[in-house]
>>> print(open('target.csv').read())   # CSV, C-alpha atoms
chain,number,residue,atom,x,y,z
S,1,MET,CA,200.4,100.9,78.5
S,2,ASP,CA,202.0,102.8,75.7
S,3,TYR,CA,199.0,105.0,75.5
S,4,ILE,CA,199.0,105.8,79.2
S,5,ILE,CA,202.6,106.9,79.0
S,6,ILE,CA,201.9,109.1,76.0
S,7,LEU,CA,199.0,110.7,77.9
S,8,ILE,CA,200.9,111.4,81.1
S,9,ALA,CA,204.0,112.6,79.2
S,10,ALA,CA,202.0,115.0,77.1
S,11,VAL,CA,199.8,116.4,79.9
S,12,PHE,CA,202.3,116.7,82.8
S,13,VAL,CA,205.9,115.8,82.0
S,14,ASN,CA,206.4,117.5,78.6
S,15,ASN,CA,203.5,119.9,78.8
S,16,ILE,CA,203.2,121.4,75.3
S,17,VAL,CA,203.0,125.0,76.6
S,18,LEU,CA,205.0,125.0,79.8
S,19,SER,CA,207.9,122.9,78.8
S,20,GLN,CA,207.9,122.8,75.0
S,21,PHE,CA,206.9,126.4,74.4
S,22,LEU,CA,204.4,125.7,71.7
S,23,GLY,CA,201.2,127.8,71.6
S,24,ILE,CA,202.5,130.6,73.7
S,25,CYS,CA,200.6,133.3,71.8
S,26,PRO,CA,197.1,132.0,72.7
S,27,PHE,CA,198.5,131.1,76.1
S,28,LEU,CA,199.3,134.7,76.9
S,29,GLY,CA,196.7,136.2,74.6
S,30,VAL,CA,193.3,134.7,75.6
S,31,SER,CA,194.0,133.7,79.2
S,32,ASN,CA,192.5,136.8,80.9
S,33,LYS,CA,189.2,135.0,81.6
S,34,VAL,CA,188.6,131.4,82.5
S,35,SER,CA,185.5,131.2,80.3
S,36,THR,CA,187.4,132.3,77.1
S,37,SER,CA,190.2,129.9,77.9
S,38,VAL,CA,187.8,127.0,78.1
S,39,GLY,CA,186.5,128.0,74.7
S,40,MET,CA,190.0,128.2,73.3
S,41,SER,CA,190.9,124.8,74.7
S,42,GLY,CA,187.9,123.3,73.1
S,43,ALA,CA,188.7,124.8,69.8
S,44,VAL,CA,192.3,123.6,70.0
S,45,LEU,CA,191.2,120.1,70.9
S,46,PHE,CA,188.9,120.0,68.0
S,47,VAL,CA,191.3,121.4,65.4
S,48,MET,CA,194.5,119.7,66.6
S,49,THR,CA,192.9,116.2,66.5
S,50,ILE,CA,191.5,116.6,63.0
S,51,ALA,CA,194.6,118.4,61.7
S,52,THR,CA,197.0,115.7,63.0
S,53,MET,CA,194.8,113.0,61.4
S,54,ALA,CA,194.8,114.8,58.1
S,55,THR,CA,198.5,115.6,58.1
S,56,TYR,CA,199.5,112.2,59.2
S,57,LEU,CA,197.6,110.5,56.4
S,58,LEU,CA,198.9,113.1,53.9
S,59,HIS,CA,202.5,112.5,55.0
S,60,GLU,CA,202.2,108.7,55.1
S,61,PHE,CA,200.3,108.1,51.8
S,62,ILE,CA,201.3,111.0,49.6
S,63,LEU,CA,204.4,112.8,50.6
S,64,VAL,CA,206.6,109.8,51.5
S,65,PRO,CA,205.7,107.5,48.6
S,66,ALA,CA,206.2,110.4,46.2
S,67,GLY,CA,209.5,111.4,47.8
S,68,LEU,CA,208.2,114.9,48.5
S,69,ASP,CA,209.2,114.9,52.2
S,70,TYR,CA,210.8,118.3,52.0
S,71,LEU,CA,207.4,119.9,51.2
S,72,ARG,CA,206.2,118.9,54.7
S,73,THR,CA,206.2,122.4,56.1
S,74,ILE,CA,204.4,124.1,53.2
S,75,THR,CA,201.8,121.3,52.7
S,76,PHE,CA,201.0,121.0,56.4
S,77,ILE,CA,200.4,124.7,57.0
S,78,LEU,CA,198.1,124.8,53.9
S,79,VAL,CA,196.2,121.7,55.1
S,80,ILE,CA,195.8,123.2,58.5
S,81,ALA,CA,194.7,126.6,57.1
S,82,ALA,CA,192.2,125.0,54.8
S,83,LEU,CA,191.0,122.7,57.6
S,84,VAL,CA,190.3,125.5,60.0
S,85,GLN,CA,188.3,127.3,57.3
S,86,MET,CA,186.3,124.1,56.6
S,87,VAL,CA,185.7,123.4,60.3
S,88,GLU,CA,184.4,126.9,60.6
S,89,ILE,CA,182.0,126.6,57.7
S,90,ILE,CA,180.8,123.2,58.8
S,91,LEU,CA,180.3,124.1,62.4
S,92,LYS,CA,178.3,127.2,61.4
S,93,LYS,CA,175.9,125.0,59.4
S,94,VAL,CA,175.7,121.9,61.6
S,95,SER,CA,176.0,123.1,65.1
S,96,PRO,CA,175.3,126.8,65.7
S,97,PRO,CA,175.7,126.6,69.5
S,98,LEU,CA,179.1,125.0,69.2
S,99,TYR,CA,180.0,127.6,66.6
S,100,GLN,CA,178.9,130.3,69.0
S,101,ALA,CA,181.2,128.9,71.6
S,102,LEU,CA,184.3,128.3,69.5
S,103,GLY,CA,183.8,130.5,66.5
S,104,VAL,CA,185.9,133.5,67.4
S,105,PHE,CA,188.9,131.3,68.3
S,106,LEU,CA,189.0,129.3,65.1
S,107,PRO,CA,190.7,131.9,62.8
S,108,LEU,CA,193.4,132.4,65.5
S,109,ILE,CA,194.2,128.7,65.5
S,110,THR,CA,195.7,128.8,62.0
S,111,THR,CA,198.7,130.6,63.4
S,112,ASN,CA,198.8,128.6,66.6
S,113,CYS,CA,202.2,126.9,66.5
S,114,ALA,CA,200.9,124.2,68.8
S,115,VAL,CA,198.8,122.7,66.0
S,116,LEU,CA,201.6,122.6,63.4
S,117,GLY,CA,204.1,121.6,66.0
S,118,VAL,CA,202.0,118.6,67.2
S,119,ALA,CA,201.3,117.6,63.6
S,120,ILE,CA,205.1,117.5,63.0
S,121,LEU,CA,206.0,115.9,66.3
S,122,ALA,CA,203.4,113.2,65.7
S,123,LEU,CA,205.3,112.0,62.7
S,124,GLY,CA,208.3,111.2,64.9
S,125,LEU,CA,206.5,109.0,67.4
S,126,GLU,CA,208.0,105.6,68.1
S,127,GLY,CA,206.2,102.8,66.3
S,128,GLY,CA,203.9,105.3,64.8
S,129,SER,CA,200.4,104.5,63.7
S,130,LEU,CA,197.4,106.7,62.8
S,131,LEU,CA,195.7,105.8,66.1
S,132,LYS,CA,198.8,106.7,68.1
S,133,ALA,CA,199.3,110.0,66.3
S,134,VAL,CA,195.7,111.0,67.0
S,135,PHE,CA,195.9,109.9,70.6
S,136,PHE,CA,199.1,112.0,70.8
S,137,ALA,CA,197.2,115.0,69.5
S,138,VAL,CA,194.4,114.5,71.9
S,139,SER,CA,196.8,114.2,74.9
S,140,ASN,CA,198.6,117.3,73.9
S,141,SER,CA,195.5,119.4,73.5
S,142,ILE,CA,194.4,118.2,77.0
S,143,GLY,CA,197.8,119.4,78.2
S,144,PHE,CA,197.3,122.7,76.4
S,145,GLY,CA,193.9,123.1,78.0
S,146,LEU,CA,195.1,122.3,81.4
S,147,ALA,CA,197.9,124.8,81.3
S,148,LEU,CA,195.7,127.5,79.8
S,149,ILE,CA,192.8,127.1,82.3
S,150,VAL,CA,195.1,127.0,85.3
S,151,PHE,CA,196.9,130.0,84.1
S,152,ALA,CA,193.7,131.9,83.4
S,153,SER,CA,192.4,131.1,86.9
S,154,ILE,CA,195.6,132.5,88.4
S,155,ARG,CA,195.3,135.6,86.3
S,156,GLU,CA,191.8,136.2,87.4
S,157,HIS,CA,193.1,136.4,91.0
S,158,LEU,CA,196.0,138.6,90.0
S,159,GLU,CA,193.6,141.3,89.1
S,160,LEU,CA,193.0,141.8,92.8
S,161,ALA,CA,196.6,141.8,93.8
S,162,ASN,CA,198.7,144.8,94.4
S,163,ILE,CA,201.5,144.7,91.8
S,164,PRO,CA,204.4,147.1,91.5
S,165,ASN,CA,204.1,149.5,88.6
S,166,GLY,CA,206.9,148.2,86.5
S,167,MET,CA,205.7,144.6,86.8
S,168,LYS,CA,202.2,145.3,85.7
S,169,GLY,CA,200.9,143.6,82.5
S,170,VAL,CA,203.3,141.4,80.6
S,171,PRO,CA,206.1,140.9,83.1
S,172,ILE,CA,203.9,139.6,85.9
S,173,ASN,CA,202.1,137.2,83.5
S,174,LEU,CA,205.4,135.8,82.3
S,175,LEU,CA,206.6,135.4,85.9
S,176,VAL,CA,203.4,133.5,86.8
S,177,ALA,CA,203.9,131.3,83.7
S,178,GLY,CA,207.5,130.8,84.9
S,179,LEU,CA,206.3,129.6,88.3
S,180,LEU,CA,203.7,127.4,86.8
S,181,SER,CA,206.3,125.9,84.5
S,182,LEU,CA,208.5,125.4,87.6
S,183,ALA,CA,205.6,123.5,89.2
S,184,PHE,CA,205.3,121.3,86.2
S,185,LEU,CA,209.0,120.6,86.3
S,186,GLY,CA,208.2,118.6,89.4
S,187,PHE,CA,206.6,116.0,87.2
S,188,THR,CA,209.9,115.2,85.6
S,189,GLY,CA,210.8,111.5,86.0
S,190,LEU,CA,207.1,110.5,86.3
S,191,VAL,CA,207.4,108.3,83.2
C,1,MET,CA,215.1,165.3,53.5
C,2,ALA,CA,211.8,164.5,55.3
C,3,GLU,CA,211.5,161.4,53.2
C,4,LYS,CA,215.0,160.3,54.5
C,5,VAL,CA,214.1,160.9,58.1
C,6,ASN,CA,211.0,159.0,57.7
C,7,GLN,CA,212.8,156.0,56.3
C,8,THR,CA,215.3,156.1,59.1
C,9,GLN,CA,212.5,156.0,61.6
C,10,ASN,CA,210.9,153.3,59.6
C,11,PHE,CA,214.1,151.2,60.2
C,12,LEU,CA,214.7,152.2,63.8
C,13,LYS,CA,211.2,151.6,65.1
C,14,GLY,CA,211.5,147.8,65.1
C,15,ILE,CA,214.6,147.9,67.3
C,16,VAL,CA,213.4,149.9,70.3
C,17,LYS,CA,210.0,151.6,70.0
C,18,GLU,CA,208.1,148.6,68.5
C,19,ASN,CA,210.5,145.9,69.5
C,20,PRO,CA,208.7,142.7,68.4
C,21,VAL,CA,209.6,140.7,71.5
C,22,PHE,CA,209.6,143.2,74.4
C,23,VAL,CA,206.9,145.6,73.2
C,24,MET,CA,204.7,143.7,70.8
C,25,LEU,CA,205.0,140.2,72.2
C,26,LEU,CA,205.2,138.6,68.7
C,27,GLY,CA,206.9,135.3,68.0
C,28,MET,CA,207.0,134.2,71.6
C,29,CYS,CA,207.3,130.5,70.9
C,30,PRO,CA,210.8,130.6,69.4
C,31,THR,CA,211.8,133.4,71.7
C,32,LEU,CA,211.2,131.2,74.7
C,33,GLY,CA,211.9,127.8,73.1
C,34,VAL,CA,215.3,128.1,71.6
C,35,THR,CA,217.1,130.7,73.8
C,36,SER,CA,218.9,128.3,76.2
C,37,SER,CA,222.1,129.7,74.8
C,38,ALA,CA,223.2,133.0,73.1
C,39,PHE,CA,224.3,131.1,69.9
C,40,ASN,CA,220.9,129.4,69.5
C,41,GLY,CA,219.1,132.7,70.0
C,42,LEU,CA,221.3,134.4,67.4
C,43,GLY,CA,220.8,131.6,64.9
C,44,MET,CA,217.1,131.6,65.3
C,45,GLY,CA,217.1,135.4,65.1
C,46,VAL,CA,219.0,135.4,61.8
C,47,ALA,CA,216.9,132.7,60.3
C,48,THR,CA,213.8,134.6,61.1
C,49,LEU,CA,215.3,137.9,59.9
C,50,PHE,CA,216.0,136.2,56.5
C,51,VAL,CA,212.5,134.8,56.1
C,52,LEU,CA,211.0,138.1,57.2
C,53,LEU,CA,213.1,140.1,54.8
C,54,MET,CA,212.4,137.8,51.8
C,55,SER,CA,208.7,137.6,52.5
C,56,ASN,CA,208.3,141.3,53.0
C,57,ILE,CA,210.1,141.9,49.6
C,58,VAL,CA,207.9,139.4,47.8
C,59,VAL,CA,204.7,140.5,49.4
C,60,SER,CA,205.3,144.1,48.6
C,61,LEU,CA,206.1,143.2,45.0
C,62,VAL,CA,203.0,141.1,44.3
C,63,LYS,CA,200.6,142.9,46.6
C,64,SER,CA,198.5,144.3,43.7
C,65,GLN,CA,198.1,140.9,42.1
C,66,ILE,CA,196.7,139.2,45.2
C,67,PRO,CA,192.9,139.4,45.7
C,68,SER,CA,192.3,140.6,49.2
C,69,LYS,CA,190.1,137.6,50.1
C,70,VAL,CA,192.8,135.1,49.7
C,71,ARG,CA,195.7,137.3,50.8
C,72,ILE,CA,196.3,135.4,54.1
C,73,PRO,CA,196.7,132.0,52.5
C,74,ALA,CA,198.8,133.6,49.8
C,75,PHE,CA,201.1,135.2,52.4
C,76,ILE,CA,201.4,131.9,54.2
C,77,ILE,CA,202.5,130.1,51.1
C,78,ILE,CA,205.1,132.8,50.4
C,79,ILE,CA,206.4,132.5,53.9
C,80,ALA,CA,206.4,128.7,53.9
C,81,SER,CA,208.5,128.6,50.7
C,82,PHE,CA,211.2,130.7,52.3
C,83,VAL,CA,211.0,128.6,55.5
C,84,THR,CA,211.6,125.5,53.5
C,85,ILE,CA,214.6,127.1,51.9
C,86,VAL,CA,216.0,128.0,55.3
C,87,GLU,CA,215.3,124.5,56.6
C,88,MET,CA,217.3,122.9,53.7
C,89,VAL,CA,220.2,125.4,53.9
C,90,LEU,CA,220.6,124.9,57.7
C,91,GLU,CA,220.4,121.2,57.4
C,92,ALA,CA,223.1,121.2,54.7
C,93,PHE,CA,225.5,123.8,56.1
C,94,VAL,CA,224.9,124.1,59.9
C,95,PRO,CA,223.7,120.7,61.0
C,96,PHE,CA,224.6,121.5,64.6
C,97,LEU,CA,222.3,124.5,64.7
C,98,TYR,CA,219.6,122.5,62.7
C,99,GLU,CA,219.7,119.9,65.4
C,100,GLN,CA,219.5,122.4,68.3
C,101,LEU,CA,216.6,124.5,66.9
C,102,GLY,CA,214.7,121.3,65.9
C,103,ILE,CA,211.0,121.8,65.5
C,104,PHE,CA,211.2,125.5,65.8
C,105,ILE,CA,212.6,125.8,62.3
C,106,PRO,CA,209.5,124.7,60.5
C,107,LEU,CA,207.5,126.7,63.0
C,108,ILE,CA,209.0,129.9,61.7
C,109,VAL,CA,206.0,129.7,59.3
C,110,VAL,CA,203.6,130.4,62.1
C,111,ASN,CA,205.7,133.1,63.7
C,112,CYS,CA,203.1,135.8,64.0
C,113,LEU,CA,205.8,138.5,63.6
C,114,ILE,CA,206.3,137.5,59.9
C,115,LEU,CA,202.7,137.2,59.0
C,116,GLY,CA,201.9,140.3,61.0
C,117,ARG,CA,204.5,142.4,59.1
C,118,ALA,CA,203.3,141.0,55.7
C,119,GLU,CA,199.7,141.9,56.5
C,120,ALA,CA,200.2,145.2,58.4
C,121,PHE,CA,203.1,146.7,56.5
C,122,ALA,CA,204.4,145.0,53.3
C,123,SER,CA,201.0,144.7,51.8
C,124,LYS,CA,200.5,148.4,52.0
C,125,ASN,CA,203.9,149.9,51.4
C,126,ASN,CA,206.5,150.1,48.6
C,127,ILE,CA,209.4,147.8,48.4
C,128,LEU,CA,212.1,150.1,49.9
C,129,SER,CA,210.0,150.8,53.0
C,130,SER,CA,209.2,147.1,53.3
C,131,ILE,CA,212.8,146.2,53.2
C,132,LEU,CA,213.7,148.7,55.9
C,133,ASP,CA,210.8,147.6,58.0
C,134,ALA,CA,211.8,144.0,57.7
C,135,LEU,CA,215.4,144.8,58.6
C,136,GLY,CA,214.5,146.9,61.6
C,137,MET,CA,211.9,144.4,62.9
C,138,GLY,CA,214.2,141.5,62.2
C,139,LEU,CA,217.2,143.1,63.9
C,140,GLY,CA,215.0,143.9,66.9
C,141,PHE,CA,214.1,140.2,67.0
C,142,VAL,CA,217.7,139.2,66.7
C,143,VAL,CA,218.8,141.6,69.5
C,144,ALA,CA,216.0,140.4,71.8
C,145,LEU,CA,216.7,136.7,71.2
C,146,THR,CA,220.5,137.1,71.6
C,147,LEU,CA,220.0,139.1,74.7
C,148,LEU,CA,217.7,136.6,76.3
C,149,GLY,CA,219.9,133.7,75.2
C,150,ALA,CA,223.0,135.4,76.6
C,151,THR,CA,221.2,136.2,79.9
C,152,ARG,CA,220.1,132.6,80.3
C,153,GLU,CA,223.5,131.2,79.2
C,154,ILE,CA,225.4,133.4,81.6
C,155,LEU,CA,223.2,132.6,84.6
C,156,GLY,CA,222.4,129.0,83.7
C,157,SER,CA,225.7,127.6,82.5
C,158,GLY,CA,228.2,130.3,83.3
C,159,SER,CA,229.3,130.8,79.8
C,160,LEU,CA,228.7,133.1,76.8
C,161,PHE,CA,228.6,131.9,73.2
C,162,GLY,CA,230.1,128.6,74.5
C,163,LEU,CA,233.0,130.2,76.3
C,164,LYS,CA,233.0,129.1,79.9
C,165,PHE,CA,234.1,131.7,82.5
C,166,VAL,CA,233.5,129.8,85.7
C,167,PRO,CA,235.3,126.6,86.8
C,168,GLU,CA,234.0,123.3,85.5
C,169,ASP,CA,232.5,122.2,88.8
C,170,ALA,CA,231.0,125.6,89.8
C,171,ASN,CA,227.3,125.8,90.8
C,172,THR,CA,225.3,127.8,88.3
C,173,PHE,CA,221.5,128.6,88.2
C,174,ILE,CA,220.6,125.6,86.2
C,175,LEU,CA,217.0,126.8,86.5
C,176,PHE,CA,217.7,129.4,83.8
C,177,ILE,CA,218.5,126.9,81.1
C,178,LEU,CA,215.4,124.9,82.0
C,179,PRO,CA,211.9,125.9,80.7
C,180,PRO,CA,210.9,128.0,83.7
C,181,GLY,CA,214.0,130.1,83.4
C,182,ALA,CA,212.9,131.2,79.9
C,183,PHE,CA,209.7,132.8,81.3
C,184,ILE,CA,211.4,134.3,84.3
C,185,ALA,CA,214.4,135.8,82.4
C,186,LEU,CA,212.0,137.2,79.8
C,187,ALA,CA,209.8,138.7,82.5
C,188,TYR,CA,212.7,140.6,84.1
C,189,LEU,CA,214.2,141.6,80.8
C,190,THR,CA,210.9,143.1,79.8
C,191,VAL,CA,210.8,145.1,83.0
C,192,LEU,CA,214.3,146.4,82.3
C,193,PHE,CA,213.5,147.2,78.7
C,194,ASN,CA,210.4,149.1,79.7
C,195,LYS,CA,212.3,151.1,82.3
C,196,ILE,CA,215.1,152.0,79.9
C,197,SER,CA,212.8,152.9,77.0
C,198,ILE,CA,210.6,155.0,79.2
C,199,LYS,CA,213.6,157.0,80.4
C,200,THR,CA,214.9,157.7,76.9
C,201,THR,CA,211.6,158.9,75.4
>>> encode(input="target.csv", output="structure tokens")
Amino acid sequence: MDYIIILIAAVFVNNIVLSQFLGICPFLGVSNKVSTSVGMSGAVLFVMTIATMATYLLHEFILVPAGLDYLRTITFILVIAALVQMVEIILKKVSPPLYQALGVFLPLITTNCAVLGVAILALGLEGGSLLKAVFFAVSNSIGFGLALIVFASIREHLELANIPNGMKGVPINLLVAGLLSLAFLGFTGLV
Amino acid sequence: MAEKVNQTQNFLKGIVKENPVFVMLLGMCPTLGVTSSAFNGLGMGVATLFVLLMSNIVVSLVKSQIPSKVRIPAFIIIIASFVTIVEMVLEAFVPFLYEQLGIFIPLIVVNCLILGRAEAFASKNNILSSILDALGMGLGFVVALTLLGATREILGSGSLFGLKFVPEDANTFILFILPPGAFIALAYLTVLFNKISIKTT
């Protein structure tokens, strides 16, 4: 039951992009085509899950016992950066087709605040365990993917719309994101 | 003289012409996430300005020692060190703000504005130019966040910097302090900013 609540909360109620504002850069940056947004979502799912697992273990078994809690930010970002590099190298060797699909997005993920954000948020989960933290990361990356893909589909349609000059580009995208966020606000109270 | 004009431009470009938020769209997560009031926006802006300034200074000082292959991780460590300092200082001296900004404080590390300036400017220029660049860009960020925070606070809760100017029971556009309001307010502020900056140039 706990896990179902985490899933619904992360995907709909507290959507990581639309209500927590994490990962806005890729959300606005790579959402002009549905196909690229699917690739990005896959890459985020992959990295976020592994990164949260690594940072959770690091925090639980090294930082806390050693009293180095204040080094959280600096160690987490290093672990994530190293992990992204490693994933890139391993994917290239083991699964070239997957690398083809996700490769270009991987370097971008290091500075995706959603990954670091979820890694930090996962530490604060109630009755936290490794399994719960990983499940939390998976749920959040599904939420990220959902928001990104819906947004990209709307943007594809926008290209055909007649938009006033001053609103072209960034403002209209932000406005669409705002309306999407408004729609997700409707899920408040679901859990 | 030409040198001086150049440095002035170097400083001013971040505020209007290359404003990090309205023009370059950098650091959007804190921009949208913490600006539910003008004070929070200002606090986040100043914290970011500090980290940006310090990291620009350090990067421009050590740029020749860093091999270009590992420069990005090196920059990230420099930035993360200063973010840790900011985190500790805020927790100790301004616990209220620390609570309000929450997760967005450690996330200053991944603010693309800071890494972007380190990579695109400080690693190629001398220390004076880097300081001016950081101050200009940082101030542009502070102005943008405060403006967005003020807009949202005025519309959403009828107050500015915590001073209420409508009756307690008045209806305000609560939408603007909720997440959708952040996107919508920023969208219209960008339109306004574009209009004004096109007129002046």
>>> interface_residues(input="target.csv", of="chain C", to="chain S", cutoff="10 Å", atoms="only C-alpha atoms", output="MDAnalysis selection string")
chainID C and resid 22:23 25:34 72:74 76:85 87:88 103:112 115 175 178:192 194:195
>>> residues_around(input="target.csv", residues="stretch 124-127 of chain C", least_positions_apart="2", cutoff="12 Å", atoms="only C-alpha atoms", output="PyMOL selection string")
chain C and resi 7+10+53-64+68+117-122+129-134
>>> atom_distance(input="target.csv", atom1="atom CA of C:Phe161", atom2="atom CA of C:Val46")
15.3 Å
>>> residues_around(input="target.csv", residues="S:Asn15", least_positions_apart="4", cutoff="8 Å", atoms="all atoms listed in the file", output="list in words")
Ala9, Ala10, Val11, Ser19, Gln20, Asn140, Gly143, Phe144, Ala147 and Phe184 of chain S
>>> residues_around(input="target.csv", residues="S:Tyr56", least_positions_apart="3", cutoff="7 Å", atoms="only C-alpha atoms", output="PyMOL selection string")
chain S and resi 52-53+59-60+123+130
